[in-house]
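Undergrad: Can you read through this structure? Questions will come right after.
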Amino acid sequence: MAGKKPEGAVLVGVDESEASLAAVRWAAAEAALRGCRLELFQAGTAERHARERFARAHRWLSRAAQVAGEAAPGVATQPVVQAGSAVELLVGRSRSMSLVVLGSHGLGGLRGAAIGSVALRVAAGAYCPVVVVRGRAAPGGAVVVGVAGDDRAGGFAFEAAAHRRVPLIAVRAWRSDRPGRAAEEDRALRECVAAWADKYPDVAVRVRAVRERSAGRALMAVEGAQLVVIGSRGRGPVAGGPLGSTGNRLLAQAACPVAVVRGACR
């Protein structure tokens with residue numbers, strides 16, 4: 001991002017759903033911010049009539065490229081169609097990408113479900129950060145990051161806030177009734193974000209250490225966010241497994257796009 005050389009491409013999953021077109025719009029704007037190309041990806045099929053299905057996929061990718069150009073004029077796009085499982089292909093391609101962007105439904109996910117199975121499984125298994133585009137990103141809204149003792153999502157969140165020139169709100173949920181715990185949690189939160197704040201002095205930072213049993217509820221309580229960023233404790237093949245209850249809740253219920261970042265705060 002700011003001050004860096006262009007990164008790997010932003011990869012967005014595309015299918016014949018409005019959710020995927022919303023993801024394309026978000027991804028195109030993000031690619032423009034990063035100064036990199038946008039890869040428009042669709043999983044094809046190895047079944048009978050594959051030629052017709054591939055032709056249809058390319059037509060839909062042409063539509064996606066048009067949508068991307070309208071959202072971010074001048075952004076370079078590259079269409080890619082591959083035969084196979086959408087989850088496996090997206091996770092594999094994530095090795096060389098800077099970001100994977102998905103709609104909250106589509107790509108073979110269950111219609112009417114709170115969150116598509118593909119989005120959950122890719123967010124759990126990808127080798128780079130994953131953004132699931134849901135709800136609406138509030139124009140000019142803050143970037144919100146959930147901070148836990150082992151969370152390394154801060155760098156991604158600060159970069160996102162710096163690029164967008166918006167404030168960052170760091171949230172930490174705690175449960176204990178012990179006297180003095182509130183002050184301890186507030187201090188720990190400030191210490192955790194201090195190093196990132198030093199690296200991004202132009203980002204206005206607000207901290208919220210709140211007594212709340214659910215970190216997901218604490219994050220969703222922040223109104224007017226344009227992006228919520230959370231950490232993941234690792235990678236795994238089970239849908240949503242390493243995301244835990246917080247990740248699953250946010251991906252299913254958040255009112256704005258959610259970024260899932262692997263790692264820990266340092």
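If you're wondering about the labels, chains in the structure tokens are A, B, ... by order shown, residues count from 1 in each chain, ligands from 1 in order shown.
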Out of segment 55-185 of chain A, which residues get helix (DSSP H, G or I) from DSSP, as number ranges by chain?
TA: A: 55-71, 86-96, 117-125, 154-164, 181-185
Undergrad: Can you pull out the residues contacting Ala119 of chain A? Cut-off 7 Å, using only C-alpha atoms, and skip same-chain residues under 4 positions away; I want them as a PyMOL selection string.
TA: chain A and resi 102+104+123+132
Undergrad: Write out, as an mmCIF file, in the first residue's frame, the residues just selected, with N, CA, C and O atoms.
TA:
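Generated output (again.cif):
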```cif
data_model
loop_
_atom_site.group_PDB
_atom_site.id
_atom_site.type_symbol
_atom_site.label_atom_id
_atom_site.label_comp_id
_atom_site.auth_asym_id
_atom_site.auth_seq_id
_atom_site.Cartn_x
_atom_site.Cartn_y
_atom_site.Cartn_z
ATOM 1 N N LEU A 102 -14.558 -12.020 -2.188
ATOM 2 C CA LEU A 102 -15.694 -12.865 -2.528
ATOM 3 C C LEU A 102 -16.997 -12.198 -2.122
ATOM 4 O O LEU A 102 -17.033 -11.423 -1.157
ATOM 5 N N SER A 104 -20.827 -12.598 -0.509
ATOM 6 C CA SER A 104 -21.274 -13.397 0.634
ATOM 7 C C SER A 104 -22.080 -14.616 0.205
ATOM 8 O O SER A 104 -22.317 -15.522 1.007
ATOM 9 N N ALA A 123 -12.143 -18.328 3.199
ATOM 10 C CA ALA A 123 -11.650 -17.484 4.286
ATOM 11 C C ALA A 123 -10.857 -18.309 5.290
ATOM 12 O O ALA A 123 -9.881 -17.831 5.878
ATOM 13 N N VAL A 132 -14.788 -10.690 2.473
ATOM 14 C CA VAL A 132 -16.126 -11.109 2.067
ATOM 15 C C VAL A 132 -16.996 -9.857 2.037
ATOM 16 O O VAL A 132 -17.161 -9.179 3.051
#
```
Undergrad: Per DSSP on the backbone, filter segment 63-264 of chain A down to the residues in strand (DSSP E or B) and report them as a ChimeraX atom specification.
TA: /A:77-83,99-103,130-133,143-146,168-174,205-211,227-232,258-262
Undergrad: For segment 54-60 of chain A, find every residue with an atom within 8 Å (counting only C-alpha atoms), except residues of its own chain fewer than 3 positions away, and show them as an MDAnalysis selection string.
TA: chainID A and resid 15:16 42 44:45 50:51 63:64 79 81
Undergrad: Next, the residues of the selection above should be written as a short mmCIF file (atom, residue, chain, number, x, y, z; two decimals), in the first residue's frame with all heavy atoms.
TA:
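Everything below was put into again-v1.cif:
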```cif
data_model
loop_
_atom_site.label_atom_id
_atom_site.label_comp_id
_atom_site.auth_asym_id
_atom_site.auth_seq_id
_atom_site.Cartn_x
_atom_site.Cartn_y
_atom_site.Cartn_z
N ASP A 15 -19.32 -15.24 -10.31
CA ASP A 15 -20.28 -16.18 -10.87
C ASP A 15 -21.49 -15.39 -11.33
O ASP A 15 -21.45 -14.15 -11.37
CB ASP A 15 -20.64 -17.29 -9.88
CG ASP A 15 -21.41 -16.77 -8.67
OD1 ASP A 15 -21.72 -15.56 -8.63
OD2 ASP A 15 -21.71 -17.56 -7.77
N GLU A 16 -22.57 -16.05 -11.66
CA GLU A 16 -23.74 -15.35 -12.18
C GLU A 16 -24.66 -14.92 -11.04
O GLU A 16 -25.85 -15.26 -11.01
CB GLU A 16 -24.46 -16.24 -13.18
CG GLU A 16 -23.59 -16.58 -14.38
CD GLU A 16 -24.29 -17.49 -15.37
OE1 GLU A 16 -25.54 -17.49 -15.40
OE2 GLU A 16 -23.60 -18.19 -16.12
N GLN A 42 -13.35 -17.33 -12.44
CA GLN A 42 -14.54 -18.17 -12.39
C GLN A 42 -14.13 -19.62 -12.55
O GLN A 42 -13.31 -19.96 -13.40
CB GLN A 42 -15.56 -17.79 -13.46
CG GLN A 42 -16.88 -18.55 -13.32
CD GLN A 42 -18.01 -17.92 -14.12
OE1 GLN A 42 -17.78 -17.11 -14.99
NE2 GLN A 42 -19.23 -18.29 -13.80
N GLY A 44 -14.76 -23.27 -13.80
CA GLY A 44 -15.52 -23.92 -14.85
C GLY A 44 -15.86 -25.34 -14.48
O GLY A 44 -15.91 -25.71 -13.30
N THR A 45 -16.09 -26.16 -15.46
CA THR A 45 -16.49 -27.55 -15.22
C THR A 45 -15.80 -28.46 -16.21
O THR A 45 -15.50 -28.07 -17.34
CB THR A 45 -18.01 -27.72 -15.36
OG1 THR A 45 -18.34 -29.09 -15.19
CG2 THR A 45 -18.51 -27.24 -16.73
N ALA A 50 -18.87 -28.84 -21.54
CA ALA A 50 -17.93 -27.92 -20.91
C ALA A 50 -17.64 -26.72 -21.80
O ALA A 50 -17.48 -25.60 -21.31
CB ALA A 50 -16.63 -28.65 -20.56
N ARG A 51 -17.59 -26.95 -23.12
CA ARG A 51 -17.28 -25.84 -24.03
C ARG A 51 -18.33 -24.73 -23.90
O ARG A 51 -17.99 -23.56 -23.82
CB ARG A 51 -17.21 -26.35 -25.46
CG ARG A 51 -16.90 -25.25 -26.47
CD ARG A 51 -16.76 -25.81 -27.87
NE ARG A 51 -15.67 -26.77 -27.97
CZ ARG A 51 -15.37 -27.43 -29.08
NH1 ARG A 51 -16.08 -27.24 -30.19
NH2 ARG A 51 -14.37 -28.29 -29.09
N ARG A 63 -18.81 -9.25 -18.57
CA ARG A 63 -19.72 -8.39 -17.82
C ARG A 63 -19.06 -7.89 -16.54
O ARG A 63 -19.17 -6.71 -16.19
CB ARG A 63 -20.99 -9.17 -17.49
CG ARG A 63 -21.88 -8.57 -16.42
CD ARG A 63 -22.72 -7.44 -16.95
NE ARG A 63 -23.69 -7.01 -15.97
CZ ARG A 63 -23.80 -5.76 -15.52
NH1 ARG A 63 -23.00 -4.82 -15.98
NH2 ARG A 63 -24.72 -5.44 -14.65
N ALA A 64 -18.35 -8.77 -15.84
CA ALA A 64 -17.67 -8.39 -14.61
C ALA A 64 -16.59 -7.35 -14.89
O ALA A 64 -16.39 -6.41 -14.11
CB ALA A 64 -17.05 -9.62 -13.94
N PRO A 79 -9.20 -11.80 -17.04
CA PRO A 79 -10.16 -12.88 -16.82
C PRO A 79 -9.45 -14.24 -16.77
O PRO A 79 -8.53 -14.50 -17.55
CB PRO A 79 -11.09 -12.79 -18.02
CG PRO A 79 -10.22 -12.24 -19.11
CD PRO A 79 -9.23 -11.32 -18.44
N VAL A 81 -10.53 -18.47 -16.31
CA VAL A 81 -11.49 -19.55 -16.09
C VAL A 81 -10.70 -20.85 -15.95
O VAL A 81 -9.84 -21.15 -16.78
CB VAL A 81 -12.49 -19.68 -17.26
CG1 VAL A 81 -13.47 -20.82 -16.98
CG2 VAL A 81 -13.23 -18.38 -17.49
#
```
Undergrad: From the set A:Val258, A:Ala183, A:Ile230, A:Val144, which residue has the shortest atom-to-atom contact distance to Ala204 of chain A, counting only C-alpha atoms?
TA: A:Val144
Undergrad: So that I can check the surroundings of segment 154-159 of chain A, please list as a PyMOL selection string every protein, DNA and RNA residue that reaches within 9 Å of it, counting only C-alpha atoms and ignoring chain neighbours fewer than 4 positions away.
TA: chain A and resi 1-2+129+143-147+163-164+167-168+170+192-193+196-197+199-200+203+227-231+259+261+264-266
Undergrad: Neighbours of Leu90 of chain A within 12 Å (only C-alpha atoms; same-chain residues fewer than 5 positions away dropped), as an MDAnalysis selection string?
TA: chainID A and resid 10:14 39:43 80:85 95:97 99:102 107 118:119 121:128 130
Undergrad: Just to be explicit: take each residue in the selection above, keep N, CA and C atoms, and write the result as a short mmCIF file (atom, residue, chain, number, x, y, z; two decimals), in the first residue's frame.
TA:
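Ended up saving to again.cif:
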```
data_model
loop_
_atom_site.label_atom_id
_atom_site.label_comp_id
_atom_site.auth_asym_id
_atom_site.auth_seq_id
_atom_site.Cartn_x
_atom_site.Cartn_y
_atom_site.Cartn_z
N VAL A 10 -5.21 -8.46 -6.96
CA VAL A 10 -6.41 -8.71 -6.17
C VAL A 10 -7.23 -9.71 -6.98
N LEU A 11 -7.60 -10.81 -6.34
CA LEU A 11 -8.36 -11.87 -6.99
C LEU A 11 -9.81 -11.81 -6.51
N VAL A 12 -10.75 -11.76 -7.45
CA VAL A 12 -12.16 -11.74 -7.07
C VAL A 12 -12.88 -12.91 -7.73
N GLY A 13 -13.64 -13.63 -6.92
CA GLY A 13 -14.42 -14.74 -7.44
C GLY A 13 -15.70 -14.24 -8.10
N VAL A 14 -15.98 -14.75 -9.29
CA VAL A 14 -17.12 -14.27 -10.08
C VAL A 14 -18.01 -15.45 -10.45
N GLU A 39 -7.75 -9.63 -10.94
CA GLU A 39 -7.97 -10.90 -11.62
C GLU A 39 -9.41 -11.34 -11.37
N LEU A 40 -10.15 -11.50 -12.45
CA LEU A 40 -11.55 -11.92 -12.40
C LEU A 40 -11.58 -13.43 -12.63
N PHE A 41 -11.97 -14.17 -11.60
CA PHE A 41 -11.84 -15.63 -11.64
C PHE A 41 -13.19 -16.32 -11.58
N GLN A 42 -13.35 -17.33 -12.44
CA GLN A 42 -14.54 -18.17 -12.39
C GLN A 42 -14.13 -19.62 -12.55
N ALA A 43 -14.71 -20.48 -11.71
CA ALA A 43 -14.46 -21.91 -11.81
C ALA A 43 -15.36 -22.50 -12.87
N VAL A 80 -9.89 -15.09 -15.85
CA VAL A 80 -9.32 -16.44 -15.74
C VAL A 80 -10.46 -17.42 -15.49
N VAL A 81 -10.53 -18.47 -16.31
CA VAL A 81 -11.49 -19.55 -16.09
C VAL A 81 -10.70 -20.85 -15.95
N GLN A 82 -10.98 -21.61 -14.88
CA GLN A 82 -10.33 -22.89 -14.67
C GLN A 82 -11.38 -23.93 -14.31
N ALA A 83 -11.15 -25.16 -14.75
CA ALA A 83 -12.06 -26.25 -14.41
C ALA A 83 -11.68 -26.81 -13.04
N GLY A 84 -12.69 -27.05 -12.21
CA GLY A 84 -12.43 -27.64 -10.91
C GLY A 84 -13.27 -27.03 -9.82
N SER A 85 -12.93 -27.40 -8.58
CA SER A 85 -13.64 -26.92 -7.41
C SER A 85 -13.30 -25.45 -7.15
N ARG A 95 -2.10 -18.20 -3.10
CA ARG A 95 -0.67 -18.21 -2.77
C ARG A 95 0.08 -17.04 -3.41
N SER A 96 -0.35 -16.63 -4.60
CA SER A 96 0.37 -15.57 -5.32
C SER A 96 -0.39 -14.25 -5.35
N MET A 97 -1.46 -14.15 -4.57
CA MET A 97 -2.28 -12.95 -4.56
C MET A 97 -2.03 -12.12 -3.30
N LEU A 99 -4.69 -10.36 -2.13
CA LEU A 99 -6.00 -10.34 -1.50
C LEU A 99 -6.97 -11.14 -2.34
N VAL A 100 -7.87 -11.87 -1.67
CA VAL A 100 -8.97 -12.55 -2.34
C VAL A 100 -10.27 -11.89 -1.89
N VAL A 101 -11.15 -11.59 -2.84
CA VAL A 101 -12.42 -10.94 -2.55
C VAL A 101 -13.56 -11.82 -3.05
N LEU A 102 -14.56 -12.02 -2.19
CA LEU A 102 -15.69 -12.86 -2.53
C LEU A 102 -17.00 -12.20 -2.12
N LEU A 107 -21.01 -18.72 -6.11
CA LEU A 107 -19.91 -19.65 -6.33
C LEU A 107 -20.24 -21.04 -5.80
N VAL A 118 -18.68 -21.46 0.15
CA VAL A 118 -17.41 -21.17 -0.50
C VAL A 118 -16.69 -20.04 0.23
N ALA A 119 -17.41 -18.98 0.57
CA ALA A 119 -16.79 -17.85 1.28
C ALA A 119 -16.20 -18.30 2.61
N ARG A 121 -15.20 -21.36 3.50
CA ARG A 121 -14.09 -22.28 3.33
C ARG A 121 -12.85 -21.59 2.78
N VAL A 122 -13.03 -20.64 1.87
CA VAL A 122 -11.87 -19.90 1.35
C VAL A 122 -11.29 -19.00 2.43
N ALA A 123 -12.14 -18.33 3.20
CA ALA A 123 -11.65 -17.48 4.29
C ALA A 123 -10.86 -18.31 5.29
N ALA A 124 -11.26 -19.56 5.49
CA ALA A 124 -10.56 -20.43 6.44
C ALA A 124 -9.26 -20.97 5.89
N GLY A 125 -9.15 -21.12 4.56
CA GLY A 125 -8.00 -21.81 4.01
C GLY A 125 -7.04 -21.01 3.18
N ALA A 126 -7.36 -19.76 2.85
CA ALA A 126 -6.52 -18.99 1.94
C ALA A 126 -5.16 -18.65 2.53
N TYR A 127 -4.19 -18.41 1.64
CA TYR A 127 -2.82 -18.06 2.04
C TYR A 127 -2.62 -16.55 2.12
N CYS A 128 -3.63 -15.76 1.84
CA CYS A 128 -3.55 -14.31 1.93
C CYS A 128 -4.85 -13.81 2.55
N VAL A 130 -8.54 -12.43 3.09
CA VAL A 130 -9.77 -12.61 2.31
C VAL A 130 -10.79 -11.58 2.77
#
```
Undergrad: Under the rule that only C-alpha atoms are counted, which of A:Ala137, A:Val75, A:Ser214, A:Arg165 is the nearest residue to Ala254 of chain A?
TA: A:Ala137
Undergrad: Between A:Ala148, A:Ala160, A:Ala194, A:Ala142, which one has atoms that come closest to Ala29 of chain A, using only C-alpha atoms?
TA: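 Counting only C-alpha atoms, the residue closest to Ala29 of chain A is A:Ala160.
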Undergrad: Any idea what the distance is between atom CA of Ile169 of chain A and atom CA of Arg206 of chain A?
TA: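 A separation of 4.8 Å between them.
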